[in-house]
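Working notes, beginning with the structure itself.
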Amino acid sequence: MSRRRGPIRRIVRVLGYGLALALAGVLVYSAYLTWAITSEFDARGWDRPAQVYAAPLELYGGRGLSVADLTQELVRLGYRQVVGPLATGTFRRDRNTLEIRRRAFAYEGNATPEETLRIRFADDAIASIADDAGRVVAIAELDPLLIGSIFPTHGEDRIIVGPEDVPELLIDALKAVEDRRFDEHLGIDLRAVARAALVNLRSGEIRQGGSTLTQQLVRSYFLSTERTWTRKFSEALMAVALELRHDKDELLLAYVNEIYLGQDGMRAIHGFGLASRFYFGKPLTELELHEVALLIAIVRGPSYYDPRRNPERALKRRNLVLEQMRDLGLIDEQALAASRARKLEVITAAGRHAAYYASFLDLVRRQLQRDYADDVLEATGLKIYTTLDPTIQASAEEALVAELERLQPDRPELEGAVIVTNPHNAEVRALVGSRRVGYDGFNRALDAKRQVGSLIKPVVYLAALESGRHSLATEVDDAPIIVPLEGGKTWLPANFNNEAHGLVTVVRALAESLNLATVHLGLDVGLAPVADALARLGADETPALYPSLLLGAIDLTPLEVAQVYNTLANGGFRVPLTAVRAVVDADGNTLQRYALNIEQVSDPVSVYALNQGLVQVMERGTGRTAQRALPSGLRTAGKTGTSDELRDSWFAGFSSDHLVVTWVGNDANEVVGLTGGTGAAQIWARIFGKLDAVAYDPPPPAHAETMWIDYYTGLETDSGCTDAVLIALTAYDAPPKAASCGSTRTTVGSRVRQWFRERRE
Amino acid sequence: MTVTSKHMERALGRGKPFLILAALGVGAAGCTSFSSYDPGARAPSPAETITPPGFPPATSTARPQNADPAAPRGQASLPVASAEPRSTPPKVRQENAASAVLLEQSRDERAAGSYAAATASIERALRIEPNNPALWIELAEVKAAVGDFDQAEMMARKALTLAGSDRSITARAERLLSR
């Protein structure tokens, strides 16, 4: 007997061991899954991106801003125009008055409460602002536009919402449609699986899924879409593990912030917060019933129910969601009927593009990485306040896209870049790195090192003015020149039109961008002072000292060019270009304010004189077409740049309050056949025309002398004469006035030279 | 009152060509020179320039950076902007009530010792009126108050380039630069 029982016992024993082993395996595997899901959940919980804000719109009496401008700005911020009573985030118009129920917001850590602002307009400007009680308000801000959420150390966009930001109705509807027994089950809902199978079988299409919200969350974390039993099992196990460790509210909030709700090119739209912006352009808290229902509808299949690509399908499912909400008593018949009657009302693709500031965010990310340690940037819930002006950004994007489209025919693929700054504090107000706006990709504004051509000339002329050997009124020879180079080679520069003009005034050589005169001038001053001036103005690297530097044989990025010209526009004070005003942590403590930091790097009189010359570029020289496209009276200073064989087209120009730099070229550096004037200047003028710019007309600095001279002869002349131009002199004893327009005995230039000779000896 | 070459060096950084020039200018003392780093040459004494602030009262929804709105106003010893019109006013956005209120707010904050808030208020005003030398000189004084003399000097120089013939600004700038 015992011998017979032997094999059975052995089998039983083996089976028992096997079972125990399998059980142990399952336990280990479960433990592993539990560890995997909880660590993932915890990581996500802490991994909150920084929220990035544009500069808030400042409202004050006297500001040039029309009713239409402000309305547009409000719409961009997701405010809605109403006729009846004002609710948060709405406004109404009564002829020349806008009444706004401004949202509460925090800026740089300071809380500003919700309030009503009555803004009266007159002549396309704000006449006055009053609060609810009729008191005069000197200055008020709108809540700053949320332009993105970034993980500063890697780049992903998400808008994390807290419990207070999630409408009750959204949660209720989510449960109603996706997981009715969410509050009772422990991560899996077998009844729902059975019911879903039955419903789907009956209707012949997938109308219900059996997955709980928790299971969906798990699935979203691990991004696996394969439909296998192992995966189903792992998913269920992980769901249970999550349920055991976290309460329902935590799980719901995680779901709301995690679930995939659409695709914007390369960018995945995760979470209801970002989806609300993506589809409706406003915060989650302000969604109406039919909008909430649409987002819930999209959960089931963001691509299949894409409201932009498959509107009919999306509408049908949205209405189904609404009916289910009615069935569960979440809404009444009346609300159902009203919401069913609404269209999808998703914002257009154009509005969406303007809403993703890829190029600018790129600059923000780089400046943060430059200025902060990684562990600071990885902290949860940072708020980053930037310098972006969404209105200027929109107009810069529009100008670049439209002008490149116009210039494109019969040319290699054109690309472009735009940078707009405020010269006084060097804040970057707008930045476009490609004509494909709204997409991440090669950022030409920051990374395209391109030959600057004549854009370098103001640096040469500044060095000349600083040297004291020249003023705008002195003469320089615009004659052919053979420049000996190392190794017995020679360089033969030529003018753009291959003509030589003989003796010309310095102001004319600059205004008409004469190459030969510039080479003569630069060689007289010396290459080292020119390179030194370039470095002082803010170029990143010191160039090699070849004579061709004088005509711009140096590669700079648009951002570097903007830095150099910003220093000129700022009267010789260099301020590092910045895109960030402040970084505030989750508790509202300011981690860093970027305080204004200025450095005088050139003599203000020389810079003032140079800038008067750059005004002549616009009035008489290579920038005059661009100047004529601007509103009359808007005096600007600027310079064109064209590289060898017309590969790069540049323009840099400024008013008193804005600097705009534009570049056009081809990524493979092919010939595009555009000069600075025919290409980049067109974009520049289109942008500048829309800025509410203040004319460039600074007071002469102390010790500067201004006088009228003849543009062609450099002789002092009367302001009424045809070719009279106002220049500044760095050293000057008043000479006798010329008797009539365009004639006199001695030139101002010769007197200046004389003055210097006297002082040196 | 004399601006030393040390000041110039600091102001100019790597500006070698200009250093030579500046030296020339100093050499030719008394002449109108290329060097504008001698802002005190024609400035009046500081005593002439203190005038009471002349800004209209207005409420502000400016960000409440000062925890205590009842903080004491600037003392008499505090240099304040002249309310008299500039004789050669630069063409900027005209005297702006918003920037005036922010200037007042900044003074309150400064008087209360909230220098960061005072700085932020002035910088905000400068975004509205970047060419107003009174704002730049105010910022320069805040910088000096917190011991940032390099920036105080730079901002005083910036104010000078915008001051035209506003003697109160040049005097305040001169006082800062002579430290």
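Simple scheme: letters A, B, ... for chains in structure tokens order, numbers from 1 for residues in each chain, numbers from 1 for ligands in the order shown.
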
Please provide the set of residues having any atom within 8 Å of stretch 210-213 of chain A, restricted to only C-alpha atoms, with same-chain residues fewer than 2 positions apart removed, written as a PyMOL selection string. chain A and resi 178-179+182+187-190+192-197+208+215-217+252+255

Write the residues of the preceding selection, restricted to N, CA and C atoms, as a PDB file, in the first residue's frame.
ATOM      1  N   GLU A 178     -18.295  57.110 -17.279  1.00  0.00           N
ATOM      2  CA  GLU A 178     -17.182  56.176 -17.365  1.00  0.00           C
ATOM      3  C   GLU A 178     -17.180  55.106 -16.273  1.00  0.00           C
ATOM      4  N   ASP A 179     -17.733  55.412 -15.111  1.00  0.00           N
ATOM      5  CA  ASP A 179     -17.529  54.502 -13.971  1.00  0.00           C
ATOM      6  C   ASP A 179     -18.559  54.788 -12.880  1.00  0.00           C
ATOM      7  N   PHE A 182     -17.822  53.997  -9.141  1.00  0.00           N
ATOM      8  CA  PHE A 182     -16.478  54.418  -8.728  1.00  0.00           C
ATOM      9  C   PHE A 182     -16.356  54.535  -7.211  1.00  0.00           C
ATOM     10  N   GLY A 187     -11.284  49.400  -7.363  1.00  0.00           N
ATOM     11  CA  GLY A 187     -10.348  49.439  -8.486  1.00  0.00           C
ATOM     12  C   GLY A 187     -10.830  48.669  -9.689  1.00  0.00           C
ATOM     13  N   ILE A 188     -11.552  47.591  -9.449  1.00  0.00           N
ATOM     14  CA  ILE A 188     -12.137  46.868 -10.579  1.00  0.00           C
ATOM     15  C   ILE A 188     -13.618  46.690 -10.329  1.00  0.00           C
ATOM     16  N   ASP A 189     -14.378  46.600 -11.403  1.00  0.00           N
ATOM     17  CA  ASP A 189     -15.833  46.537 -11.292  1.00  0.00           C
ATOM     18  C   ASP A 189     -16.316  45.446 -12.230  1.00  0.00           C
ATOM     19  N   LEU A 190     -16.432  44.218 -11.668  1.00  0.00           N
ATOM     20  CA  LEU A 190     -16.799  43.077 -12.502  1.00  0.00           C
ATOM     21  C   LEU A 190     -18.181  43.237 -13.102  1.00  0.00           C
ATOM     22  N   ALA A 192     -19.600  45.944 -14.015  1.00  0.00           N
ATOM     23  CA  ALA A 192     -19.517  46.861 -15.154  1.00  0.00           C
ATOM     24  C   ALA A 192     -18.962  46.146 -16.380  1.00  0.00           C
ATOM     25  N   VAL A 193     -18.011  45.261 -16.147  1.00  0.00           N
ATOM     26  CA  VAL A 193     -17.440  44.517 -17.259  1.00  0.00           C
ATOM     27  C   VAL A 193     -18.521  43.681 -17.931  1.00  0.00           C
ATOM     28  N   ALA A 194     -19.296  42.998 -17.113  1.00  0.00           N
ATOM     29  CA  ALA A 194     -20.363  42.156 -17.640  1.00  0.00           C
ATOM     30  C   ALA A 194     -21.400  42.993 -18.380  1.00  0.00           C
ATOM     31  N   ARG A 195     -21.818  44.098 -17.743  1.00  0.00           N
ATOM     32  CA  ARG A 195     -22.833  44.939 -18.356  1.00  0.00           C
ATOM     33  C   ARG A 195     -22.334  45.512 -19.679  1.00  0.00           C
ATOM     34  N   ALA A 196     -21.075  45.971 -19.672  1.00  0.00           N
ATOM     35  CA  ALA A 196     -20.513  46.555 -20.885  1.00  0.00           C
ATOM     36  C   ALA A 196     -20.494  45.532 -22.008  1.00  0.00           C
ATOM     37  N   ALA A 197     -20.106  44.310 -21.658  1.00  0.00           N
ATOM     38  CA  ALA A 197     -20.060  43.259 -22.669  1.00  0.00           C
ATOM     39  C   ALA A 197     -21.446  43.057 -23.278  1.00  0.00           C
ATOM     40  N   GLN A 208     -19.805  51.012 -24.365  1.00  0.00           N
ATOM     41  CA  GLN A 208     -19.345  51.101 -22.987  1.00  0.00           C
ATOM     42  C   GLN A 208     -18.067  50.316 -22.819  1.00  0.00           C
ATOM     43  N   GLN A 215      -8.507  51.983 -13.418  1.00  0.00           N
ATOM     44  CA  GLN A 215      -7.819  51.190 -14.444  1.00  0.00           C
ATOM     45  C   GLN A 215      -7.349  52.074 -15.597  1.00  0.00           C
ATOM     46  N   GLN A 216      -8.212  53.013 -15.984  1.00  0.00           N
ATOM     47  CA  GLN A 216      -7.823  53.930 -17.066  1.00  0.00           C
ATOM     48  C   GLN A 216      -6.593  54.742 -16.682  1.00  0.00           C
ATOM     49  N   LEU A 217      -6.564  55.124 -15.412  1.00  0.00           N
ATOM     50  CA  LEU A 217      -5.423  55.899 -14.917  1.00  0.00           C
ATOM     51  C   LEU A 217      -4.131  55.083 -15.013  1.00  0.00           C
ATOM     52  N   LEU A 252      -9.123  60.558  -8.218  1.00  0.00           N
ATOM     53  CA  LEU A 252      -9.888  61.341  -9.195  1.00  0.00           C
ATOM     54  C   LEU A 252      -9.063  62.522  -9.696  1.00  0.00           C
ATOM     55  N   TYR A 255      -6.501  61.399 -12.028  1.00  0.00           N
ATOM     56  CA  TYR A 255      -7.128  61.069 -13.315  1.00  0.00           C
ATOM     57  C   TYR A 255      -7.369  62.334 -14.138  1.00  0.00           C
TER      58      TYR A 255
END

Need the shell around B:Ala140: protein/DNA/RNA residues with any atom at most 7 Å away, counting only C-alpha atoms. Skip same-chain ones fewer than 3 positions apart. Format as JSON, numbers by chain? {"B": [136, 137, 143, 144, 151, 152, 153, 155, 156]}

Those of stretch 453-610 of chain A in DSSP strand (DSSP E), formatted as an MDAnalysis selection string: chainID A and resid 475:478 483:484 490:491 502:505 555:556 573:574 580:584 590:593 599:600

Select, as a ChimeraX atom specification, those residues of chain A with any atom no more than 8 Å from chain B (distances computed using only C-alpha atoms). /A:60-62,110-112,135-141,424-425,463,466-468,529,532-533,536,571,573,595-605,657,694-695,697-703,730-732,759-760

Would you mind reading off the distance between atom CA of A:Pro543 and atom CA of A:Asp555, one decimal, in Å?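 Result for atom CA of A:Pro543 versus atom CA of A:Asp555: 9.2 Å, one decimal.
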
Rounded to one decimal in Å, what is the spacing between atom CA of A:Gly665 and atom CA of A:Val452?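 That distance, rounded to one decimal, is 11.3 Å.
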
Per-residue DSSP, stretch 368-449 of chain A, filtered to helix (DSSP H, G or I), as a PyMOL selection string: chain A and resi 368-371+374-377+390-407+444-447

Write a file of the just-selected residues containing C-alpha atoms, as a CSV table (one decimal), in the first residue's frame.
chain,number,residue,atom,x,y,z
A,368,LEU,CA,16.0,79.2,-16.4
A,369,GLN,CA,18.5,76.4,-17.0
A,370,ARG,CA,21.3,79.0,-17.3
A,371,ASP,CA,20.3,80.7,-14.0
A,374,ASP,CA,18.2,71.6,-11.7
A,375,ASP,CA,16.9,70.8,-8.3
A,376,VAL,CA,15.3,74.2,-8.0
A,377,LEU,CA,13.6,73.9,-11.3
A,390,PRO,CA,0.8,88.3,-26.3
A,391,THR,CA,-0.5,91.1,-28.6
A,392,ILE,CA,3.0,91.9,-30.0
A,393,GLN,CA,3.7,88.2,-30.3
A,394,ALA,CA,0.5,87.6,-32.3
A,395,SER,CA,1.4,90.5,-34.6
A,396,ALA,CA,5.0,89.4,-35.0
A,397,GLU,CA,3.8,85.9,-36.0
A,398,GLU,CA,1.3,87.2,-38.4
A,399,ALA,CA,3.8,89.6,-40.1
A,400,LEU,CA,6.4,86.9,-40.5
A,401,VAL,CA,4.0,84.3,-41.9
A,402,ALA,CA,2.2,86.7,-44.2
A,403,GLU,CA,5.4,88.4,-45.6
A,404,LEU,CA,7.2,85.1,-46.2
A,405,GLU,CA,4.2,83.8,-48.0
A,406,ARG,CA,4.3,86.9,-50.2
A,407,LEU,CA,8.0,86.7,-50.9
A,444,ARG,CA,16.2,80.3,-35.6
A,445,ALA,CA,15.9,83.3,-33.3
A,446,LEU,CA,18.2,81.7,-30.9
A,447,ASP,CA,20.2,79.2,-32.9

Choose the residue, out of A:Ser434, A:Thr474, A:Thr642, A:Thr490, that has the smallest atom-to-atom separation from A:Thr713; count only C-alpha atoms.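 Using only C-alpha atoms, the shortest distance to A:Thr713 belongs to A:Thr474.
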
One number please: atom CA of A:Pro307 to atom CA of A:Thr90, in Å, one decimal.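 Separation between atom CA of A:Pro307 and atom CA of A:Thr90: 24.9 Å.
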
Quick one: residues within 7 Å of stretch 613-629 of chain A, only C-alpha atoms counted, chain neighbours fewer than 6 positions away excluded, as a list of chain:residue names?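 The neighbour list is A:Val507, A:Leu510, A:Ala511, A:Glu512, A:Thr636, A:Ala637, A:Gly638, A:Lys639, A:Thr640, A:Gly677, A:Ala681, A:Gln682, A:Ala685.
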